[in-house]
$ cat run-v3.txt   # compact mmCIF, C-alpha atoms
# COMPACT_ATOMS: atom_id res chain seq x y z
CA MET A 23 41.10 64.18 47.32
CA ASN A 24 44.70 64.55 46.17
CA GLY A 25 46.61 62.02 44.05
CA ILE A 26 48.15 60.20 47.00
CA ASP A 27 44.79 59.83 48.74
CA SER A 28 43.20 58.55 45.53
CA LEU A 29 45.91 55.93 45.16
CA LYS A 30 45.44 54.77 48.74
CA TRP A 31 41.67 54.52 48.20
CA CYS A 32 42.09 52.40 45.05
CA ILE A 33 44.49 50.04 46.82
CA SER A 34 42.11 49.71 49.77
CA GLU A 35 39.08 48.97 47.58
CA GLY A 36 41.04 46.44 45.51
CA SER A 37 42.14 44.57 48.61
CA ARG A 38 38.58 44.53 49.93
CA ALA A 39 37.27 43.16 46.61
CA ARG A 40 39.93 40.42 46.50
CA ALA A 41 39.08 39.43 50.05
CA ALA A 42 35.40 39.21 49.12
CA ASP A 43 36.18 36.99 46.10
CA THR A 44 38.44 34.79 48.21
CA ASN A 45 35.68 34.24 50.80
CA GLU A 46 33.33 32.98 48.08
CA ILE A 47 35.56 30.14 46.93
CA THR A 48 37.50 29.27 50.07
CA ILE A 49 36.33 26.55 52.51
CA SER A 50 37.32 27.24 56.03
CA PRO A 51 39.78 24.80 57.68
CA SER A 52 37.31 24.11 60.47
CA TYR A 53 34.67 22.92 57.97
CA LEU A 54 37.21 20.66 56.23
CA ARG A 55 38.12 19.18 59.61
CA VAL A 56 34.44 18.36 60.26
CA LEU A 57 34.10 16.65 56.86
CA LEU A 58 37.22 14.53 57.34
CA LEU A 59 36.41 13.44 60.88
CA SER A 60 32.71 12.70 60.31
CA PRO A 61 31.86 8.97 60.03
CA PRO A 62 30.51 7.72 56.66
CA PRO A 63 26.73 7.39 56.31
CA PRO A 64 25.35 3.97 57.27
CA PRO A 65 24.44 1.52 54.45
CA PRO A 66 20.77 1.23 53.50
CA PRO A 67 18.97 -1.15 55.86
CA ARG A 68 18.17 -4.63 54.62
CA TYR A 69 14.65 -5.81 54.96
CA ALA A 70 14.10 -7.83 58.09
CA ASN A 71 11.36 -9.97 56.61
CA PRO A 72 12.86 -12.54 54.19
CA ASN A 73 9.51 -13.23 52.51
CA PRO A 74 9.88 -11.81 48.97
CA SER A 75 6.15 -11.14 48.64
CA SER A 76 6.32 -8.66 51.54
CA LEU A 77 9.16 -6.62 50.03
CA PRO A 78 8.45 -3.43 48.08
CA ILE A 79 8.68 -3.51 44.30
CA PRO A 80 12.26 -2.61 43.28
CA ARG A 81 12.61 0.84 41.76
CA SER A 82 16.22 0.37 40.70
CA SER A 83 18.87 -2.32 40.33
CA CYS A 84 20.15 -1.42 43.80
CA ASP A 85 16.74 -2.13 45.33
CA ALA A 86 16.46 -5.39 43.40
CA SER A 87 19.77 -6.63 44.81
CA LEU A 88 18.29 -6.50 48.30
CA ARG A 89 15.61 -9.05 47.44
CA PRO A 90 16.59 -12.67 48.07
CA ALA A 91 16.92 -14.81 44.92
CA LEU A 92 14.45 -17.64 44.45
CA SER A 93 15.85 -21.14 44.65
CA PRO A 94 15.45 -23.29 41.50
CA ALA A 95 12.86 -25.44 43.28
CA ARG A 96 10.83 -22.40 44.34
CA ARG A 97 11.04 -20.86 40.88
CA PHE A 98 9.87 -24.07 39.22
CA SER A 99 7.03 -24.42 41.72
CA ARG A 100 5.75 -20.96 40.81
CA ILE A 101 5.95 -21.60 37.08
CA GLN A 102 4.32 -25.00 37.40
CA SER A 103 1.33 -23.49 39.20
CA SER A 104 0.66 -20.92 36.44
CA ARG A 105 -2.19 -21.22 33.96
CA SER A 106 0.13 -20.85 30.96
CA TRP A 107 2.17 -23.84 32.15
CA ARG A 108 -0.92 -26.02 32.55
CA ASN A 109 -2.30 -25.00 29.16
CA ARG A 110 0.91 -25.78 27.30
CA VAL A 111 1.39 -29.10 29.07
CA ALA A 112 -2.19 -30.05 28.19
CA ALA A 113 -1.63 -29.13 24.53
CA LEU A 114 1.56 -31.18 24.38
CA SER A 115 -0.18 -34.12 26.02
CA SER A 116 -2.73 -34.13 23.18
CA LEU A 117 0.10 -33.99 20.65
CA PHE A 118 1.93 -36.93 22.24
CA LEU A 119 -1.31 -38.90 22.22
CA ARG A 120 -1.17 -38.73 18.41
CA LEU A 121 2.30 -40.28 18.51
CA ARG A 122 1.02 -43.05 20.79
CA THR A 123 -1.76 -43.79 18.34
CA ALA A 124 0.84 -44.06 15.57
CA HIS A 125 2.83 -46.52 17.75
CA LEU A 126 5.79 -44.16 17.86
CA LEU A 127 5.60 -43.68 21.61
CA SER A 128 4.94 -45.90 24.63
CA ASN A 129 5.55 -45.80 28.37
CA SER A 130 8.77 -47.78 27.90
CA SER A 131 10.18 -45.43 25.26
CA ARG A 132 13.38 -43.52 25.84
CA ILE A 133 12.69 -39.96 24.71
CA LEU A 134 14.92 -36.95 24.10
CA CYS A 135 13.41 -33.47 24.11
CA VAL A 136 15.66 -30.73 22.68
CA PHE A 137 15.20 -26.98 23.11
CA SER A 138 12.94 -27.86 26.04
CA GLY A 139 12.78 -24.42 27.67
CA ALA A 140 11.29 -24.83 31.14
CA GLY A 141 10.44 -28.48 30.49
CA HIS A 142 6.82 -28.49 29.33
CA GLU A 143 7.43 -31.46 27.02
CA VAL A 144 9.17 -33.43 29.75
CA ALA A 145 6.34 -32.78 32.18
CA ALA A 146 3.67 -33.77 29.65
CA LEU A 147 5.42 -37.04 28.83
CA ARG A 148 6.00 -37.98 32.44
CA GLN A 149 2.40 -37.21 33.33
CA SER A 150 1.32 -39.58 30.55
CA GLY A 151 3.32 -42.42 32.06
CA VAL A 152 6.67 -42.20 30.25
CA ILE A 153 9.50 -42.50 32.77
CA ASP A 154 12.70 -42.23 30.73
CA VAL A 155 12.55 -38.66 29.39
CA THR A 156 15.57 -36.40 28.94
CA GLY A 157 15.18 -32.66 28.37
CA VAL A 158 18.04 -30.40 27.28
CA ASP A 159 18.50 -26.78 26.25
CA LEU A 160 21.26 -24.20 26.02
CA ILE A 161 20.28 -23.04 29.52
CA ASP A 162 19.40 -25.55 32.19
CA PHE A 163 16.09 -25.28 34.02
CA PRO A 164 16.03 -27.65 37.01
CA PRO A 165 14.61 -30.10 37.66
CA LEU A 166 13.38 -31.07 34.18
CA VAL A 167 15.91 -29.57 31.77
CA SER A 168 19.70 -29.98 31.71
CA ARG A 169 22.18 -27.83 29.82
CA ALA A 170 23.53 -29.13 26.53
CA ASP A 171 24.32 -27.79 23.06
CA PRO A 172 21.57 -28.95 20.66
CA HIS A 173 24.14 -28.84 17.85
CA ASN A 174 26.50 -31.19 19.73
CA LEU A 175 24.42 -33.45 21.96
CA PRO A 176 26.36 -35.28 24.71
CA PHE A 177 24.79 -38.69 24.01
CA PHE A 178 25.91 -41.87 22.28
CA ASP A 179 24.53 -42.94 18.93
CA ASN A 180 21.23 -44.85 18.73
CA VAL A 181 20.28 -44.19 22.37
CA PHE A 182 16.70 -42.91 22.14
CA ASP A 183 13.47 -44.22 20.66
CA LEU A 184 12.05 -40.78 19.93
CA GLY A 185 13.51 -37.34 19.49
CA PHE A 186 11.19 -34.36 19.89
CA SER A 187 11.65 -30.63 19.49
CA SER A 188 9.60 -27.52 18.88
CA GLY A 189 12.69 -25.33 18.63
CA LEU A 190 13.92 -25.83 15.08
CA ALA A 191 13.49 -22.10 14.43
CA GLY A 192 15.97 -21.36 17.22
CA ALA A 193 18.73 -23.58 15.81
CA LEU A 194 21.72 -21.64 14.48
CA PHE A 195 22.58 -24.55 12.18
CA PRO A 196 19.32 -26.41 11.41
CA ALA A 197 20.93 -29.22 9.38
CA ARG A 198 23.44 -29.95 12.12
CA PHE A 199 20.72 -29.82 14.76
CA VAL A 200 18.57 -32.32 12.86
CA GLY A 201 21.64 -34.46 12.22
CA GLU A 202 22.24 -34.71 15.97
CA LEU A 203 18.65 -35.85 16.51
CA GLU A 204 19.06 -38.51 13.83
CA ARG A 205 22.36 -39.64 15.32
CA THR A 206 21.02 -40.13 18.84
CA VAL A 207 17.77 -41.87 17.79
CA ARG A 208 18.01 -45.58 17.04
CA LYS A 209 17.22 -47.11 13.68
CA GLY A 210 13.46 -47.60 13.52
CA GLY A 211 12.86 -44.77 15.96
CA ALA A 212 11.34 -41.42 15.07
CA VAL A 213 12.04 -37.71 15.17
CA ALA A 214 9.06 -35.40 15.65
CA LEU A 215 9.39 -31.67 14.97
CA VAL A 216 6.81 -29.01 15.65
CA VAL A 217 7.39 -26.01 13.37
CA GLU A 218 5.50 -22.91 12.35
CA ARG A 219 2.47 -23.67 10.19
CA CYS A 220 3.62 -24.87 6.78
CA GLY A 221 1.44 -23.30 4.12
CA SER A 222 2.77 -25.27 1.18
CA GLU A 223 4.46 -28.52 0.22
CA ASP A 224 7.66 -26.59 -0.45
CA GLU A 225 7.84 -25.53 3.19
CA VAL A 226 7.39 -29.13 4.30
CA ALA A 227 10.04 -30.21 1.81
CA SER A 228 12.50 -27.66 3.22
CA VAL A 229 12.19 -29.26 6.66
CA LYS A 230 12.26 -32.78 5.24
CA GLY A 231 15.44 -31.90 3.31
CA LEU A 232 17.30 -31.37 6.59
CA PHE A 233 17.14 -35.12 7.28
CA ARG A 234 19.71 -37.49 5.81
CA LYS A 235 18.78 -40.85 7.32
CA SER A 236 14.99 -40.67 7.72
CA ASN A 237 11.76 -41.06 5.77
CA LEU A 238 8.63 -38.98 6.12
CA VAL A 239 5.89 -40.59 8.22
CA GLU A 240 3.35 -37.87 8.93
CA VAL A 241 2.60 -34.21 8.35
CA SER A 242 -0.33 -32.68 10.20
CA ASN A 243 -1.45 -29.28 11.39
CA VAL A 244 -1.81 -28.87 15.14
CA THR A 245 -2.63 -26.11 17.59
CA LEU A 246 -0.14 -25.59 20.39
CA SER A 247 -0.97 -23.06 23.10
CA GLY A 248 -3.11 -21.08 20.67
CA SER A 249 -0.50 -21.09 17.88
CA GLU A 250 -1.07 -22.78 14.54
CA MET A 251 1.79 -25.23 14.02
CA THR A 252 2.73 -28.19 11.83
CA LEU A 253 3.85 -31.57 13.16
CA ILE A 254 6.41 -33.34 10.97
CA VAL A 255 7.34 -36.91 11.92
CA MET A 256 10.29 -38.71 10.37
CA ARG A 257 11.30 -42.35 10.91
CA VAL A 258 15.03 -42.99 11.23
CA ASN A 259 16.13 -45.82 8.93
CA GLY A 260 19.90 -45.37 9.11
CA VAL A 261 20.39 -44.81 5.37
CA PRO A 262 19.86 -41.75 3.15
CA PRO A 263 16.29 -41.55 1.78
$ encode --input "run-v3.txt" --output "structure tokens"
Amino acid sequence: MNGIDSLKWCISEGSRARAADTNEITISPSYLRVLLLSPPPPPPPRYANPNPSSLPIPRSSCDASLRPALSPARRFSRIQSSRSWRNRVAALSSLFLRLRTAHLLSNSSRILCVFSGAGHEVAALRQSGVIDVTGVDLIDFPPLVSRADPHNLPFFDNVFDLGFSSGLAGALFPARFVGELERTVRKGGAVALVVERCGSEDEVASVKGLFRKSNLVEVSNVTLSGSEMTLIVMRVNGVPP
């Protein structure tokens, strides 16, 4: 093969190699036309049966969005039928019986429950015969609990006969929270707090020190839903102790 033939062969092989490389990365116009003209895939089918219990367990957030949300009434009905609900309501009923015995609570009392969660306290009081019970928390939970800031309660002064809470540990500003309970409870009424078990008089004194217009009435250890707690009852007298 002479020099001219060798040059022609190199040019021919180079062109063939470039054509091969171009075929590897180039999409044919006909395939692009098919992609552009093809309809989009259909959305995932929604479940025909609206009964949530018949739907598969969600495996992702997308699956969960296909399940219908429970109404507040349906959600409360489910919680109310659970064993944990019944046990806590029963424990609170026993605790409120102690307050009845101490003449701090009656069927005609106006009661405020703060940090009420799902409304166990409200349910226990109403089941015992108390009609005028108000439950509030940072998040509402119909039908027993309305939304309100425990540090800035939307009630007038001296409205309630008894203020109750088991959520002192969740208060961002405990002194302000207790001050709001004292403000809304009338003179001669009481504030009852259920706190974690106090192992010493100093721990009781730290809770008592949050009050500015009340005197200590009772300190007793109680069991609430299997947890060892302490009940601290203060009587509102309207003046610093």
$ atom_distance --input "run-v3.txt" --atom1 "atom CA of Arg257 of chain A" --atom2 "atom CA of Phe186 of chain A"
12.0 Å
$ residues_around --input "run-v3.txt" --residues "Pro94 of chain A" --least-positions-apart "3" --cutoff "7 Å" --atoms "all atoms listed in the file" --output "list in words"
Arg97, Phe98 and Pro164 of chain A
$ atom_distance --input "run-v3.txt" --atom1 "atom CA of Lys209 of chain A" --atom2 "atom CA of Ala113 of chain A"
28.2 Å
$ atom_distance --input "run-v3.txt" --atom1 "atom CA of Gly201 of chain A" --atom2 "atom CA of Gln149 of chain A"
28.7 Å
$ closest_residue --input "run-v3.txt" --among "A:Asn180, A:Leu253, A:Asn259, A:Glu218" --to "Leu121 of chain A" --atoms "all atoms listed in the file"
A:Leu253
$ closest_residue --input "run-v3.txt" --among "A:Pro172, A:Gly260, A:Pro63, A:Gly185" --to "Arg132 of chain A" --atoms "only C-alpha atoms"
A:Gly185
$ residues_around --input "run-v3.txt" --residues "Asp162 of chain A" --least-positions-apart "5" --cutoff "12 Å" --atoms "only C-alpha atoms" --output "VMD selection string"
chain A and resid 94 98 136 to 141 156 to 157 167 to 171
$ residues_around --input "run-v3.txt" --residues "Val144 of chain A" --least-positions-apart "4" --cutoff "7 Å" --atoms "all atoms listed in the file" --output "number ranges by chain"
A: 148, 155, 157, 166
$ residues_near_point --input "run-v3.txt" --point "(14.6, -40.7, 14.9)" --cutoff "9 Å" --atoms "all atoms listed in the file" --output "MDAnalysis selection string"
chainID A and resid 180 182:186 203:214 235:236 255:259
$ write_last_selection --input "run-v3.txt" --atoms "C-alpha atoms" --output "PDB file, keeping the file's coordinate frame"
ATOM      1  CA  ASN A 180      21.230 -44.850  18.730  1.00  0.00           C
ATOM      2  CA  PHE A 182      16.700 -42.910  22.140  1.00  0.00           C
ATOM      3  CA  ASP A 183      13.470 -44.220  20.660  1.00  0.00           C
ATOM      4  CA  LEU A 184      12.050 -40.780  19.930  1.00  0.00           C
ATOM      5  CA  GLY A 185      13.510 -37.340  19.490  1.00  0.00           C
ATOM      6  CA  PHE A 186      11.190 -34.360  19.890  1.00  0.00           C
ATOM      7  CA  LEU A 203      18.650 -35.850  16.510  1.00  0.00           C
ATOM      8  CA  GLU A 204      19.060 -38.510  13.830  1.00  0.00           C
ATOM      9  CA  ARG A 205      22.360 -39.640  15.320  1.00  0.00           C
ATOM     10  CA  THR A 206      21.020 -40.130  18.840  1.00  0.00           C
ATOM     11  CA  VAL A 207      17.770 -41.870  17.790  1.00  0.00           C
ATOM     12  CA  ARG A 208      18.010 -45.580  17.040  1.00  0.00           C
ATOM     13  CA  LYS A 209      17.220 -47.110  13.680  1.00  0.00           C
ATOM     14  CA  GLY A 210      13.460 -47.600  13.520  1.00  0.00           C
ATOM     15  CA  GLY A 211      12.860 -44.770  15.960  1.00  0.00           C
ATOM     16  CA  ALA A 212      11.340 -41.420  15.070  1.00  0.00           C
ATOM     17  CA  VAL A 213      12.040 -37.710  15.170  1.00  0.00           C
ATOM     18  CA  ALA A 214       9.060 -35.400  15.650  1.00  0.00           C
ATOM     19  CA  LYS A 235      18.780 -40.850   7.320  1.00  0.00           C
ATOM     20  CA  SER A 236      14.990 -40.670   7.720  1.00  0.00           C
ATOM     21  CA  VAL A 255       7.340 -36.910  11.920  1.00  0.00           C
ATOM     22  CA  MET A 256      10.290 -38.710  10.370  1.00  0.00           C
ATOM     23  CA  ARG A 257      11.300 -42.350  10.910  1.00  0.00           C
ATOM     24  CA  VAL A 258      15.030 -42.990  11.230  1.00  0.00           C
ATOM     25  CA  ASN A 259      16.130 -45.820   8.930  1.00  0.00           C
TER      26      ASN A 259
END
$ residues_around --input "run-v3.txt" --residues "Val241 of chain A" --least-positions-apart "6" --cutoff "12 Å" --atoms "all atoms listed in the file" --output "list in words"
Arg120, Leu121, Ala214, Leu215, Val216, Val217, Arg219, Cys220, Gly221, Ser222, Glu223, Glu225, Val226, Ala227, Val229, Lys230, Met251, Thr252, Leu253, Ile254, Val255 and Met256 of chain A
$ residues_around --input "run-v3.txt" --residues "Leu119 of chain A" --least-positions-apart "6" --cutoff "10 Å" --atoms "all atoms listed in the file" --output "PDB file with C-alpha atoms, in the coordinates of the input"
ATOM      1  CA  HIS A 125       2.830 -46.520  17.750  1.00  0.00           C
ATOM      2  CA  LEU A 126       5.790 -44.160  17.860  1.00  0.00           C
ATOM      3  CA  LEU A 127       5.600 -43.680  21.610  1.00  0.00           C
ATOM      4  CA  SER A 128       4.940 -45.900  24.630  1.00  0.00           C
ATOM      5  CA  LEU A 147       5.420 -37.040  28.830  1.00  0.00           C
ATOM      6  CA  SER A 150       1.320 -39.580  30.550  1.00  0.00           C
TER       7      SER A 150
END
$ closest_residue --input "run-v3.txt" --among "A:Leu246, A:Ala197, A:Val181, A:Ala146" --to "Ile133 of chain A" --atoms "only C-alpha atoms"
A:Val181
$ closest_residue --input "run-v3.txt" --among "A:Thr123, A:Glu202, A:Ser247, A:Ser242" --to "Arg108 of chain A" --atoms "only C-alpha atoms"
A:Ser247
$ closest_residue --input "run-v3.txt" --among "A:Gly248, A:Leu175, A:Phe233, A:Asp224" --to "Asn109 of chain A" --atoms "all atoms listed in the file"
A:Gly248
